[in-house]
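Have a look at structure-v9.txt; it's compact mmCIF, C-alpha atoms:
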```txt
# COMPACT_ATOMS: atom_id res chain seq x y z
CA MET I 129 -20.67 -45.12 27.33
CA LYS I 130 -23.90 -47.05 27.56
CA GLU I 131 -26.76 -45.05 29.07
CA ARG I 132 -27.25 -47.88 31.56
CA SER I 133 -25.29 -51.03 32.26
CA ASN I 134 -26.94 -54.17 33.57
CA PHE I 135 -27.76 -52.34 36.79
CA THR I 136 -31.23 -51.67 38.13
CA LEU I 137 -31.36 -48.35 39.97
CA PHE I 138 -33.58 -47.71 42.97
CA VAL I 139 -33.53 -44.22 44.45
CA LEU I 140 -33.88 -43.93 48.23
CA ALA I 141 -34.83 -40.67 49.93
CA LEU I 142 -32.20 -40.31 52.64
CA SER I 143 -30.71 -37.17 54.11
CA ILE I 144 -28.41 -37.25 51.11
CA MET I 145 -29.83 -39.22 48.23
CA LEU I 146 -28.43 -42.73 47.89
CA SER I 147 -29.26 -45.23 45.18
CA THR I 148 -29.17 -48.98 45.63
CA VAL I 149 -27.96 -50.93 42.62
CA VAL I 150 -28.28 -54.70 42.33
CA SER I 151 -25.84 -56.54 40.09
CA ALA I 152 -24.89 -60.22 39.98
CA GLY I 153 -26.35 -60.76 43.42
CA ALA I 154 -24.15 -58.11 45.04
CA GLN I 155 -25.69 -54.97 46.44
CA LYS I 156 -23.89 -51.66 46.01
CA LYS I 157 -24.86 -48.18 47.03
CA TYR I 158 -24.42 -45.13 44.86
CA GLN I 159 -24.75 -41.43 45.52
CA ILE I 160 -26.31 -39.29 42.81
CA TYR I 161 -25.74 -35.59 42.25
CA SER I 162 -27.63 -33.26 39.90
CA VAL I 163 -26.00 -30.31 38.17
CA GLY I 164 -28.00 -27.96 35.97
CA PHE I 165 -28.26 -24.77 33.98
CA TYR I 166 -31.13 -22.31 33.52
CA ASN I 167 -31.35 -19.10 31.50
CA LEU I 168 -33.58 -16.97 33.75
CA GLU I 169 -34.54 -14.59 30.93
CA ASN I 170 -33.95 -11.08 32.21
CA LEU I 171 -34.00 -11.35 35.98
CA PHE I 172 -33.69 -7.60 36.61
CA ASP I 173 -34.60 -5.70 39.74
CA THR I 174 -36.48 -2.38 39.61
CA ILE I 175 -33.48 -0.15 40.40
CA HIS I 176 -31.19 1.42 37.82
CA ASP I 177 -27.58 0.23 38.03
CA SER I 178 -25.13 2.90 36.94
CA GLY I 179 -23.47 2.09 33.62
CA LYS I 180 -26.01 -0.57 32.67
CA ASN I 181 -28.58 -0.42 29.90
CA ASP I 182 -31.36 -1.68 32.15
CA TYR I 183 -33.87 1.08 31.37
CA GLU I 184 -36.56 -1.17 29.92
CA PHE I 185 -36.62 -3.02 33.27
CA LEU I 186 -37.50 -0.01 35.40
CA PRO I 187 -40.95 1.07 36.65
CA ASP I 188 -41.12 3.80 33.98
CA GLY I 189 -39.42 1.71 31.30
CA THR I 190 -40.84 -0.09 28.29
CA ASN I 191 -41.78 -3.15 30.34
CA LYS I 192 -43.23 -1.13 33.26
CA TRP I 193 -41.05 -3.29 35.50
CA GLY I 194 -42.34 -2.55 38.99
CA SER I 195 -42.31 -4.48 42.24
CA MET I 196 -45.34 -6.60 41.33
CA LYS I 197 -43.74 -7.94 38.17
CA TYR I 198 -40.35 -8.36 39.85
CA ASN I 199 -41.81 -10.31 42.76
CA ASN I 200 -43.77 -12.55 40.41
CA LYS I 201 -40.62 -13.18 38.38
CA LEU I 202 -38.75 -14.17 41.55
CA LYS I 203 -41.58 -16.51 42.55
CA ASN I 204 -41.64 -18.17 39.13
CA MET I 205 -37.87 -18.67 38.99
CA ALA I 206 -37.80 -19.99 42.57
CA THR I 207 -40.58 -22.46 41.74
CA VAL I 208 -38.66 -24.00 38.84
CA LEU I 209 -35.29 -24.07 40.62
CA ASN I 210 -36.84 -25.65 43.70
CA GLU I 211 -38.39 -28.47 41.65
CA MET I 212 -35.45 -29.25 39.38
CA SER I 213 -34.26 -32.88 39.74
CA THR I 214 -36.68 -33.63 42.61
CA ASP I 215 -38.35 -36.47 40.68
CA MET I 216 -35.14 -38.36 41.40
CA LEU I 217 -33.51 -36.41 44.23
CA PRO I 218 -35.75 -34.82 46.87
CA MET I 219 -32.74 -32.87 48.15
CA GLY I 220 -32.64 -31.03 44.81
CA MET I 221 -29.73 -29.65 42.88
CA ALA I 222 -26.10 -29.72 43.92
CA ALA I 223 -25.30 -26.76 41.64
CA VAL I 224 -27.16 -24.70 39.03
CA GLY I 225 -25.57 -22.26 36.62
CA VAL I 226 -27.80 -19.33 35.67
CA SER I 227 -27.62 -16.58 33.07
CA GLU I 228 -29.37 -13.29 32.31
CA ILE I 229 -29.24 -12.04 35.90
CA GLU I 230 -28.59 -8.36 36.58
CA ASN I 231 -26.56 -8.39 39.79
CA TYR I 232 -25.89 -10.06 43.12
CA ARG I 233 -28.97 -8.40 44.61
CA VAL I 234 -31.43 -10.32 42.43
CA LEU I 235 -29.64 -13.58 43.23
CA ASP I 236 -29.85 -12.86 46.95
CA ASP I 237 -33.57 -12.14 46.60
CA LEU I 238 -33.96 -15.37 44.65
CA VAL I 239 -32.21 -17.82 46.98
CA ASN I 240 -33.94 -16.25 49.98
CA HIS I 241 -37.41 -16.42 48.41
CA PRO I 242 -39.78 -18.42 50.67
CA ILE I 243 -40.14 -21.11 47.99
CA LEU I 244 -36.38 -21.67 47.72
CA ALA I 245 -34.90 -20.54 51.03
CA HIS I 246 -35.20 -23.98 52.66
CA ARG I 247 -32.59 -25.31 50.21
CA GLY I 248 -29.90 -23.17 51.86
CA TRP I 249 -28.28 -22.33 48.53
CA LYS I 250 -25.25 -20.05 48.25
CA ILE I 251 -24.11 -17.81 45.40
CA VAL I 252 -21.01 -17.33 43.27
CA HIS I 253 -21.25 -14.16 41.17
CA ILE I 254 -18.68 -11.84 39.64
CA GLU I 255 -19.84 -8.62 37.98
CA GLY I 256 -19.13 -8.72 34.26
CA PRO I 257 -18.70 -6.17 31.45
CA ASP I 258 -21.88 -6.88 29.44
CA ARG I 259 -23.34 -3.55 28.36
CA ARG I 260 -26.92 -4.62 29.00
CA GLY I 261 -25.83 -5.64 32.46
CA VAL I 262 -26.58 -9.35 32.44
CA ASP I 263 -24.22 -11.85 34.04
CA CYS I 264 -23.81 -15.54 34.73
CA ALA I 265 -23.71 -16.99 38.24
CA LEU I 266 -23.60 -20.30 40.07
CA LEU I 267 -26.06 -21.29 42.78
CA TYR I 268 -25.05 -24.27 44.89
CA ASN I 269 -25.98 -26.42 47.85
CA PRO I 270 -23.00 -26.22 50.25
CA LYS I 271 -23.79 -29.71 51.55
CA LEU I 272 -23.10 -31.12 48.08
CA PHE I 273 -20.62 -28.74 46.45
CA SER I 274 -17.89 -26.69 48.18
CA PRO I 275 -16.26 -23.93 46.08
CA VAL I 276 -12.61 -23.18 46.72
CA ALA I 277 -11.90 -20.65 43.95
CA SER I 278 -13.71 -18.64 41.30
CA LYS I 279 -12.80 -16.22 38.54
CA LEU I 280 -14.39 -14.56 35.53
CA VAL I 281 -12.35 -15.32 32.43
CA PRO I 282 -12.99 -12.50 29.92
CA TYR I 283 -14.23 -12.97 26.39
CA THR I 284 -11.57 -11.51 24.11
CA THR I 285 -11.76 -11.02 20.36
CA GLU I 286 -9.05 -12.40 18.12
CA ASP I 287 -7.78 -8.87 17.42
CA ASN I 288 -8.21 -7.76 21.07
CA ASP I 289 -10.91 -5.24 20.21
CA THR I 290 -11.38 -3.53 23.59
CA THR I 291 -14.70 -1.98 22.49
CA TYR I 292 -16.36 -5.42 22.31
CA LYS I 293 -18.05 -6.14 25.64
CA THR I 294 -19.89 -9.36 26.38
CA ARG I 295 -20.25 -12.01 29.06
CA GLY I 296 -17.12 -13.75 30.26
CA PHE I 297 -16.82 -17.35 31.43
CA LEU I 298 -17.52 -17.83 35.14
CA THR I 299 -15.17 -20.56 36.37
CA VAL I 300 -15.84 -22.10 39.78
CA SER I 301 -13.55 -24.78 41.22
CA GLY I 302 -14.72 -26.86 44.14
CA ASP I 303 -15.22 -30.26 45.68
CA MET I 304 -18.05 -32.64 44.93
CA ALA I 305 -18.17 -36.25 46.11
CA GLY I 306 -14.63 -35.82 47.45
CA GLU I 307 -13.27 -34.87 44.04
CA ARG I 308 -12.14 -31.60 42.46
CA VAL I 309 -14.69 -30.38 39.92
CA HIS I 310 -14.44 -27.23 37.79
CA ILE I 311 -17.73 -25.72 36.59
CA ILE I 312 -17.59 -23.19 33.74
CA VAL I 313 -20.82 -21.19 33.30
CA ASN I 314 -21.35 -19.60 29.88
CA HIS I 315 -23.64 -17.27 27.97
CA TRP I 316 -22.14 -17.02 24.50
CA PRO I 317 -22.80 -14.14 22.05
CA SER I 318 -26.37 -14.05 20.76
CA ARG I 319 -27.61 -14.93 17.31
CA TYR I 320 -27.52 -11.23 16.46
CA ALA I 321 -23.77 -11.81 16.22
CA LYS I 322 -22.50 -14.04 13.43
CA SER I 323 -21.20 -17.57 14.00
CA PRO I 324 -17.50 -16.57 14.34
CA ALA I 325 -18.31 -14.74 17.62
CA ARG I 326 -19.52 -18.01 19.15
CA GLU I 327 -16.74 -19.98 17.50
CA ARG I 328 -14.34 -17.69 19.32
CA ALA I 329 -16.14 -18.48 22.59
CA GLY I 330 -15.68 -22.21 21.93
CA ILE I 331 -11.95 -21.74 21.38
CA LEU I 332 -11.58 -19.68 24.56
CA VAL I 333 -13.54 -22.10 26.76
CA LYS I 334 -11.56 -25.05 25.43
CA ALA I 335 -8.38 -23.19 26.43
CA VAL I 336 -9.78 -22.62 29.93
CA LYS I 337 -10.60 -26.32 30.23
CA ASP I 338 -7.15 -27.34 29.01
CA SER I 339 -5.47 -24.99 31.49
CA LEU I 340 -7.50 -26.27 34.45
CA MET I 341 -6.79 -29.90 33.62
CA ALA I 342 -3.10 -29.24 32.99
CA GLN I 343 -2.81 -27.81 36.51
CA MET I 344 -4.83 -30.67 38.06
CA PRO I 345 -4.87 -33.67 35.69
CA GLN I 346 -7.26 -35.71 37.87
CA SER I 347 -9.82 -32.90 38.15
CA LYS I 348 -13.08 -33.00 36.24
CA VAL I 349 -14.70 -30.27 34.16
CA ILE I 350 -18.36 -29.44 33.55
CA ILE I 351 -19.04 -26.80 30.89
CA MET I 352 -22.59 -25.44 30.93
CA GLY I 353 -24.56 -22.56 29.56
CA ASP I 354 -26.65 -20.92 26.90
CA MET I 355 -24.34 -21.34 23.93
CA ASN I 356 -26.74 -19.74 21.41
CA ASP I 357 -25.79 -22.64 19.12
CA ASP I 358 -26.95 -26.23 18.78
CA PRO I 359 -24.64 -29.16 19.64
CA ASP I 360 -23.74 -29.78 15.99
CA ASP I 361 -22.89 -26.16 15.18
CA LYS I 362 -19.24 -25.36 14.53
CA SER I 363 -18.69 -23.53 17.81
CA MET I 364 -19.61 -26.63 19.80
CA LYS I 365 -18.45 -29.58 17.71
CA VAL I 366 -15.25 -28.11 16.24
CA CYS I 367 -14.08 -25.14 18.31
CA LEU I 368 -15.02 -26.51 21.72
CA GLY I 369 -14.53 -30.07 20.45
CA ALA I 370 -17.53 -31.62 22.22
CA LYS I 371 -18.08 -35.12 20.82
CA ARG I 372 -21.43 -36.71 20.00
CA ASN I 373 -20.53 -40.30 20.79
CA PRO I 374 -19.06 -41.31 24.16
CA ASN I 375 -17.14 -44.05 22.39
CA SER I 376 -15.21 -41.28 20.61
CA VAL I 377 -13.92 -39.94 23.93
CA ASN I 378 -10.32 -41.18 23.96
CA CYS I 379 -8.75 -39.35 26.90
CA ASP I 380 -9.56 -37.47 30.08
CA THR I 381 -9.31 -34.07 28.40
CA ASP I 382 -11.72 -34.90 25.56
CA LEU I 383 -15.26 -33.54 25.89
CA TYR I 384 -18.59 -35.37 25.57
CA ASN I 385 -21.86 -33.63 24.70
CA PRO I 386 -24.93 -35.78 25.52
CA TRP I 387 -27.35 -33.18 24.11
CA TRP I 388 -26.46 -33.88 20.50
CA SER I 389 -28.54 -37.06 20.47
CA VAL I 390 -31.28 -35.46 22.59
CA LEU I 391 -31.85 -32.88 19.84
CA ARG I 392 -31.14 -34.87 16.68
CA ASN I 393 -32.37 -38.36 17.71
CA LYS I 394 -35.23 -37.45 20.05
CA GLY I 395 -36.21 -34.09 18.59
CA LEU I 396 -36.19 -32.37 21.98
CA GLY I 397 -34.93 -28.87 22.75
CA THR I 398 -34.90 -26.01 25.21
CA LEU I 399 -36.29 -23.14 23.13
CA LYS I 400 -38.43 -22.74 20.03
CA TYR I 401 -37.95 -20.47 17.05
CA LYS I 402 -40.60 -20.40 14.33
CA GLY I 403 -42.06 -23.63 15.70
CA LYS I 404 -38.75 -25.51 15.62
CA TRP I 405 -36.84 -26.71 18.68
CA ASN I 406 -33.28 -25.61 19.27
CA LEU I 407 -31.06 -26.87 22.07
CA PHE I 408 -28.83 -23.92 22.96
CA ASP I 409 -28.68 -24.85 26.66
CA GLN I 410 -26.13 -27.60 27.11
CA ILE I 411 -23.91 -29.26 29.70
CA VAL I 412 -20.69 -30.82 28.43
CA VAL I 413 -18.40 -33.05 30.51
CA SER I 414 -14.71 -33.91 30.41
CA GLY I 415 -13.64 -37.38 29.30
CA ASN I 416 -12.82 -38.56 32.81
CA LEU I 417 -16.52 -38.19 33.70
CA VAL I 418 -17.42 -40.73 31.00
CA GLY I 419 -17.51 -44.46 31.63
CA ASN I 420 -19.02 -47.20 33.76
CA GLU I 421 -16.27 -47.45 36.39
CA ARG I 422 -18.12 -45.69 39.18
CA SER I 423 -15.57 -45.76 41.94
CA THR I 424 -15.07 -42.14 40.87
CA LEU I 425 -17.66 -39.55 39.89
CA LYS I 426 -19.21 -40.28 36.48
CA TYR I 427 -21.82 -38.84 34.15
CA TYR I 428 -25.08 -40.81 34.34
CA LYS I 429 -27.82 -39.22 32.21
CA PRO I 430 -29.27 -35.90 30.92
CA GLU I 431 -32.68 -34.32 31.39
CA ILE I 432 -34.51 -31.33 29.96
CA PHE I 433 -36.60 -30.17 32.91
CA SER I 434 -40.15 -29.24 31.95
CA ARG I 435 -43.50 -28.84 33.67
CA SER I 436 -46.82 -27.97 32.05
CA TYR I 437 -46.92 -24.60 33.85
CA MET I 438 -43.66 -23.65 32.13
CA LEU I 439 -45.22 -24.00 28.65
CA GLN I 440 -47.79 -22.06 26.66
CA GLN I 441 -51.05 -24.01 26.92
CA GLU I 442 -52.93 -22.47 23.99
CA GLY I 443 -52.69 -20.27 20.95
CA LYS I 444 -50.09 -19.92 18.23
CA TYR I 445 -47.19 -20.74 20.56
CA LYS I 446 -48.76 -23.68 22.35
CA GLY I 447 -46.05 -26.00 23.63
CA SER I 448 -43.34 -23.32 23.61
CA PRO I 449 -41.68 -22.12 26.82
CA LYS I 450 -43.88 -19.49 28.47
CA ARG I 451 -41.77 -16.37 28.67
CA THR I 452 -42.09 -13.29 30.85
CA HIS I 453 -43.11 -10.91 28.05
CA ALA I 454 -44.14 -11.52 24.45
CA GLY I 455 -45.14 -8.91 21.91
CA GLY I 456 -45.06 -6.23 24.58
CA VAL I 457 -47.54 -8.14 26.76
CA TRP I 458 -46.66 -9.35 30.26
CA LEU I 459 -47.45 -13.08 30.42
CA ASN I 460 -46.27 -13.67 33.99
CA GLY I 461 -44.29 -16.54 32.52
CA TYR I 462 -41.00 -18.17 33.38
CA SER I 463 -38.36 -18.07 30.67
CA ASP I 464 -38.01 -18.47 26.93
CA HIS I 465 -35.62 -21.35 27.73
CA LEU I 466 -36.13 -24.64 29.54
CA PRO I 467 -33.48 -25.71 32.06
CA VAL I 468 -31.19 -28.69 31.58
CA ILE I 469 -29.79 -31.16 34.10
CA ILE I 470 -27.15 -33.86 34.14
CA TYR I 471 -27.00 -36.53 36.81
CA LEU I 472 -23.66 -37.72 38.17
CA ILE I 473 -23.15 -40.99 40.02
CA LYS I 474 -20.50 -42.42 42.33
CA GLU I 475 -20.25 -45.59 44.35
CA SER I 476 -20.57 -44.99 48.09
CA LYS I 477 -17.87 -46.53 50.25
```
Let me see the file written as structure tokens.
Amino acid sequence: MKERSNFTLFVLALSIMLSTVVSAGAQKKYQIYSVGFYNLENLFDTIHDSGKNDYEFLPDGTNKWGSMKYNNKLKNMATVLNEMSTDMLPMGMAAVGVSEIENYRVLDDLVNHPILAHRGWKIVHIEGPDRRGVDCALLYNPKLFSPVASKLVPYTTEDNDTTYKTRGFLTVSGDMAGERVHIIVNHWPSRYAKSPARERAGILVKAVKDSLMAQMPQSKVIIMGDMNDDPDDKSMKVCLGAKRNPNSVNCDTDLYNPWWSVLRNKGLGTLKYKGKWNLFDQIVVSGNLVGNERSTLKYYKPEIFSRSYMLQQEGKYKGSPKRTHAGGVWLNGYSDHLPVIIYLIKESK
């Protein structure tokens, strides 16, 4: 799919954002939606949750995680989430997947923070089995996305090792632009695990996608998350089957990954390791979201969301995402990841 056709896009700030497109002398109106993902890097409250290894994020823990630090973390996360996609859409995000959150309580504090509360966002969260206690969740604007069902699909090992506990795959089905859309929020096993652990995640998520689309062939799927792998790693390109080139998408159930070219052609990423960008945070779309026929909802373009305040401004790590802690020092930063966004477009009737 071409990034743009021969259209010229003008964005109008209406109650819901509409775009006017001029083509061959005929004026058409389009509605644009933004969907994103953000790893919030350890959004823990200050209270111990039974059964969770959250001790370093307690007032007497390693990070001395008291109310001052927690409230600053909420403020910083709310600031970023509130600004995401507003260069194009003043109404903000339709839906944002998040990871590394401790529980529903921190999400409730977040969406009700004075910086973010005016958005009126709602929460989908299901407590997961991760031993450290971090989960995925979906935040959404009910004016733009209406969930109808949600479930947490467990991560299972090939040999059904019941001692292995990690994040499952939060699957939220709902309506956007009058169409059924399934959003799968992921946080795959970390780099401390070897590649096969993430390859297994790719296989499992592909099976979830196939099942959803078999039940509702016209529905559309958005797979997002911190995959802990780049777009061209085996877990993404082979096991999940996310294709680099939209012209290689041959059917509705194929998957397209726009971040492959963002990393390899443009050299952009969402986190840095030893001075090198990686792009672990990705949003992949089903084949029926690809194309220029915009009478139905279609993928439009990607964005890595970044502001100067989210980056280190000096020192050895200048230009890297400014994280909450580094080397045991509280930086009052944001996250070690940058958020990602995709824009979707549909012709307004």
Do you know which residues are at most 12 Å from I:Lys203 counting all atoms listed in the file, after dropping those on the same chain fewer than 4 positions away, and could you put them as number ranges by chain? I: 168, 171, 196-199, 207-210, 234, 237-245, 460-462
Nearby residues, (-22.7, -39.4, 32.6) file frame, 8 Å, all atoms listed in the file, as a list of chain:residue names: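 Checked against the point, the hits come out as I:Glu131, I:Val413, I:Leu417, I:Val418, I:Gly419, I:Lys426, I:Tyr427, I:Tyr428, I:Lys429, I:Pro430, I:Ile470, I:Tyr471, I:Leu472, I:Ile473.
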Using all atoms listed in the file, determine which residues lie at most 10 Å from stretch 288-302 of chain I, disregarding the query and same-chain residues fewer than 3 positions distant; provide the list as a PDB file with C-alpha atoms, in the frame of the given file.
```pdb
ATOM      1  CA  GLY I 225     -25.570 -22.260  36.620  1.00  0.00           C
ATOM      2  CA  SER I 227     -27.620 -16.580  33.070  1.00  0.00           C
ATOM      3  CA  GLU I 228     -29.370 -13.290  32.310  1.00  0.00           C
ATOM      4  CA  VAL I 252     -21.010 -17.330  43.270  1.00  0.00           C
ATOM      5  CA  HIS I 253     -21.250 -14.160  41.170  1.00  0.00           C
ATOM      6  CA  ILE I 254     -18.680 -11.840  39.640  1.00  0.00           C
ATOM      7  CA  GLU I 255     -19.840  -8.620  37.980  1.00  0.00           C
ATOM      8  CA  GLY I 256     -19.130  -8.720  34.260  1.00  0.00           C
ATOM      9  CA  PRO I 257     -18.700  -6.170  31.450  1.00  0.00           C
ATOM     10  CA  ASP I 258     -21.880  -6.880  29.440  1.00  0.00           C
ATOM     11  CA  ARG I 259     -23.340  -3.550  28.360  1.00  0.00           C
ATOM     12  CA  ARG I 260     -26.920  -4.620  29.000  1.00  0.00           C
ATOM     13  CA  GLY I 261     -25.830  -5.640  32.460  1.00  0.00           C
ATOM     14  CA  VAL I 262     -26.580  -9.350  32.440  1.00  0.00           C
ATOM     15  CA  ASP I 263     -24.220 -11.850  34.040  1.00  0.00           C
ATOM     16  CA  CYS I 264     -23.810 -15.540  34.730  1.00  0.00           C
ATOM     17  CA  ALA I 265     -23.710 -16.990  38.240  1.00  0.00           C
ATOM     18  CA  LEU I 266     -23.600 -20.300  40.070  1.00  0.00           C
ATOM     19  CA  PHE I 273     -20.620 -28.740  46.450  1.00  0.00           C
ATOM     20  CA  SER I 274     -17.890 -26.690  48.180  1.00  0.00           C
ATOM     21  CA  PRO I 275     -16.260 -23.930  46.080  1.00  0.00           C
ATOM     22  CA  VAL I 276     -12.610 -23.180  46.720  1.00  0.00           C
ATOM     23  CA  ALA I 277     -11.900 -20.650  43.950  1.00  0.00           C
ATOM     24  CA  SER I 278     -13.710 -18.640  41.300  1.00  0.00           C
ATOM     25  CA  LYS I 279     -12.800 -16.220  38.540  1.00  0.00           C
ATOM     26  CA  LEU I 280     -14.390 -14.560  35.530  1.00  0.00           C
ATOM     27  CA  VAL I 281     -12.350 -15.320  32.430  1.00  0.00           C
ATOM     28  CA  PRO I 282     -12.990 -12.500  29.920  1.00  0.00           C
ATOM     29  CA  TYR I 283     -14.230 -12.970  26.390  1.00  0.00           C
ATOM     30  CA  THR I 284     -11.570 -11.510  24.110  1.00  0.00           C
ATOM     31  CA  THR I 285     -11.760 -11.020  20.360  1.00  0.00           C
ATOM     32  CA  GLY I 306     -14.630 -35.820  47.450  1.00  0.00           C
ATOM     33  CA  GLU I 307     -13.270 -34.870  44.040  1.00  0.00           C
ATOM     34  CA  ARG I 308     -12.140 -31.600  42.460  1.00  0.00           C
ATOM     35  CA  VAL I 309     -14.690 -30.380  39.920  1.00  0.00           C
ATOM     36  CA  HIS I 310     -14.440 -27.230  37.790  1.00  0.00           C
ATOM     37  CA  ILE I 311     -17.730 -25.720  36.590  1.00  0.00           C
ATOM     38  CA  ILE I 312     -17.590 -23.190  33.740  1.00  0.00           C
ATOM     39  CA  VAL I 313     -20.820 -21.190  33.300  1.00  0.00           C
ATOM     40  CA  ASN I 314     -21.350 -19.600  29.880  1.00  0.00           C
ATOM     41  CA  HIS I 315     -23.640 -17.270  27.970  1.00  0.00           C
ATOM     42  CA  TRP I 316     -22.140 -17.020  24.500  1.00  0.00           C
ATOM     43  CA  PRO I 317     -22.800 -14.140  22.050  1.00  0.00           C
ATOM     44  CA  SER I 318     -26.370 -14.050  20.760  1.00  0.00           C
ATOM     45  CA  ALA I 329     -16.140 -18.480  22.590  1.00  0.00           C
ATOM     46  CA  LEU I 332     -11.580 -19.680  24.560  1.00  0.00           C
ATOM     47  CA  VAL I 333     -13.540 -22.100  26.760  1.00  0.00           C
ATOM     48  CA  VAL I 336      -9.780 -22.620  29.930  1.00  0.00           C
ATOM     49  CA  LYS I 337     -10.600 -26.320  30.230  1.00  0.00           C
ATOM     50  CA  LEU I 340      -7.500 -26.270  34.450  1.00  0.00           C
ATOM     51  CA  SER I 347      -9.820 -32.900  38.150  1.00  0.00           C
ATOM     52  CA  LYS I 348     -13.080 -33.000  36.240  1.00  0.00           C
ATOM     53  CA  VAL I 349     -14.700 -30.270  34.160  1.00  0.00           C
ATOM     54  CA  ILE I 350     -18.360 -29.440  33.550  1.00  0.00           C
ATOM     55  CA  ILE I 351     -19.040 -26.800  30.890  1.00  0.00           C
ATOM     56  CA  MET I 352     -22.590 -25.440  30.930  1.00  0.00           C
ATOM     57  CA  GLY I 353     -24.560 -22.560  29.560  1.00  0.00           C
TER      58      GLY I 353
END
```
When distances are computed from all atoms listed in the file, which of I:Ala454, I:Ile432, I:Met344, I:Met219 shows the smallest separation from I:Pro467?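 Going through I:Ala454, I:Ile432, I:Met344, I:Met219 one by one, the smallest distance to I:Pro467 is for I:Ile432.
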Please give the centre and size of the box around stretch 374-381 of chain I (axis-aligned, containing every atom listed in the file, 4 Å added per side), with values in Å to one decimal and written as lines of an AutoDock Vina configuration file.
```
center_x = -13.9
center_y = -39.1
center_z = 25.3
size_x = 18.3
size_y = 18.0
size_z = 17.5
```
Pairwise distance for atom CA of I:Leu425 and atom CA of I:Ala305, rounded to one decimal in Å: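 Distance between the two atoms: 7.1 Å.
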Considering all atoms listed in the file, can you say which of I:Ile331, I:Gly395, I:Glu442, I:Glu475 comes closest to I:Glu421?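 Among the listed residues, the smallest separation from I:Glu421 belongs to I:Glu475.
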Work out how far atom CA of I:Pro345 is from atom CA of I:Gly415, in Å to one decimal.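 Straight-line distance from atom CA of I:Gly415 to atom CA of I:Pro345 works out to 11.5 Å.
Distances from I:Tyr268, I:Tyr445, I:Phe185, I:Tyr437 to I:Met304 were compared using all atoms listed in the file, and the smallest one belongs to I:Tyr268.
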Choose the residue, out of I:Ser423, I:Asn269, I:Gln410, I:Asn204, that has the smallest atom-to-atom separation from I:Gly164; count all atoms listed in the file.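 Smallest distance to I:Gly164 is found for I:Gln410.
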Stretch 362-375 of chain I environment, 9 Å, only C-alpha atoms, sequence neighbours closer than 2 positions dropped, as a ChimeraX atom specification: /I:129-130,323-335,355,357-360,377-378,382-389,412-415,418-419
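Counting from atom CA of I:Thr452, the distance to atom CA of I:Trp193 is 11.1 Å.
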Of the residues I:Val163, I:Leu407, I:Ala222, I:Ile175, which is the one nearest to I:Pro270, using all atoms listed in the file?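 Under the stated criterion, the closest residue is I:Ala222.
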Nearest residue to I:Val226 from the set I:Asn167, I:Ser476, I:Thr424, I:Thr381 (distances using all atoms listed in the file): I:Asn167
If I only have part of stretch 355-367 of chain I, can you fill in N, CA and C atoms and write it as a PDB file, keeping the file's coordinate frame?
```
ATOM      1  N   MET I 355     -25.391 -21.509  24.930  1.00  0.00           N
ATOM      2  CA  MET I 355     -24.340 -21.340  23.930  1.00  0.00           C
ATOM      3  C   MET I 355     -24.832 -20.584  22.692  1.00  0.00           C
ATOM      4  N   ASN I 356     -26.141 -20.377  22.589  1.00  0.00           N
ATOM      5  CA  ASN I 356     -26.740 -19.740  21.410  1.00  0.00           C
ATOM      6  C   ASN I 356     -26.395 -20.478  20.116  1.00  0.00           C
ATOM      7  N   ASP I 357     -26.037 -21.730  20.238  1.00  0.00           N
ATOM      8  CA  ASP I 357     -25.790 -22.640  19.120  1.00  0.00           C
ATOM      9  C   ASP I 357     -26.261 -24.021  19.521  1.00  0.00           C
ATOM     10  N   ASP I 358     -26.583 -24.837  18.533  1.00  0.00           N
ATOM     11  CA  ASP I 358     -26.950 -26.230  18.780  1.00  0.00           C
ATOM     12  C   ASP I 358     -25.685 -27.085  18.920  1.00  0.00           C
ATOM     13  N   PRO I 359     -25.830 -28.321  19.420  1.00  0.00           N
ATOM     14  CA  PRO I 359     -24.640 -29.160  19.640  1.00  0.00           C
ATOM     15  C   PRO I 359     -23.827 -29.451  18.391  1.00  0.00           C
ATOM     16  N   ASP I 360     -24.477 -29.455  17.223  1.00  0.00           N
ATOM     17  CA  ASP I 360     -23.740 -29.780  15.990  1.00  0.00           C
ATOM     18  C   ASP I 360     -23.304 -28.541  15.218  1.00  0.00           C
ATOM     19  N   ASP I 361     -23.441 -27.355  15.804  1.00  0.00           N
ATOM     20  CA  ASP I 361     -22.890 -26.160  15.180  1.00  0.00           C
ATOM     21  C   ASP I 361     -21.374 -26.111  15.400  1.00  0.00           C
ATOM     22  N   LYS I 362     -20.701 -25.366  14.543  1.00  0.00           N
ATOM     23  CA  LYS I 362     -19.240 -25.360  14.530  1.00  0.00           C
ATOM     24  C   LYS I 362     -18.638 -24.961  15.867  1.00  0.00           C
ATOM     25  N   SER I 363     -19.250 -24.001  16.539  1.00  0.00           N
ATOM     26  CA  SER I 363     -18.690 -23.530  17.810  1.00  0.00           C
ATOM     27  C   SER I 363     -18.576 -24.641  18.826  1.00  0.00           C
ATOM     28  N   MET I 364     -19.563 -25.547  18.815  1.00  0.00           N
ATOM     29  CA  MET I 364     -19.610 -26.630  19.800  1.00  0.00           C
ATOM     30  C   MET I 364     -18.814 -27.851  19.349  1.00  0.00           C
ATOM     31  N   LYS I 365     -19.047 -28.297  18.131  1.00  0.00           N
ATOM     32  CA  LYS I 365     -18.450 -29.580  17.710  1.00  0.00           C
ATOM     33  C   LYS I 365     -17.007 -29.452  17.254  1.00  0.00           C
ATOM     34  N   VAL I 366     -16.615 -28.284  16.738  1.00  0.00           N
ATOM     35  CA  VAL I 366     -15.250 -28.110  16.240  1.00  0.00           C
ATOM     36  C   VAL I 366     -14.417 -27.268  17.205  1.00  0.00           C
ATOM     37  N   CYS I 367     -14.884 -26.078  17.512  1.00  0.00           N
ATOM     38  CA  CYS I 367     -14.080 -25.140  18.310  1.00  0.00           C
ATOM     39  C   CYS I 367     -13.958 -25.580  19.760  1.00  0.00           C
TER      40      CYS I 367
END
```
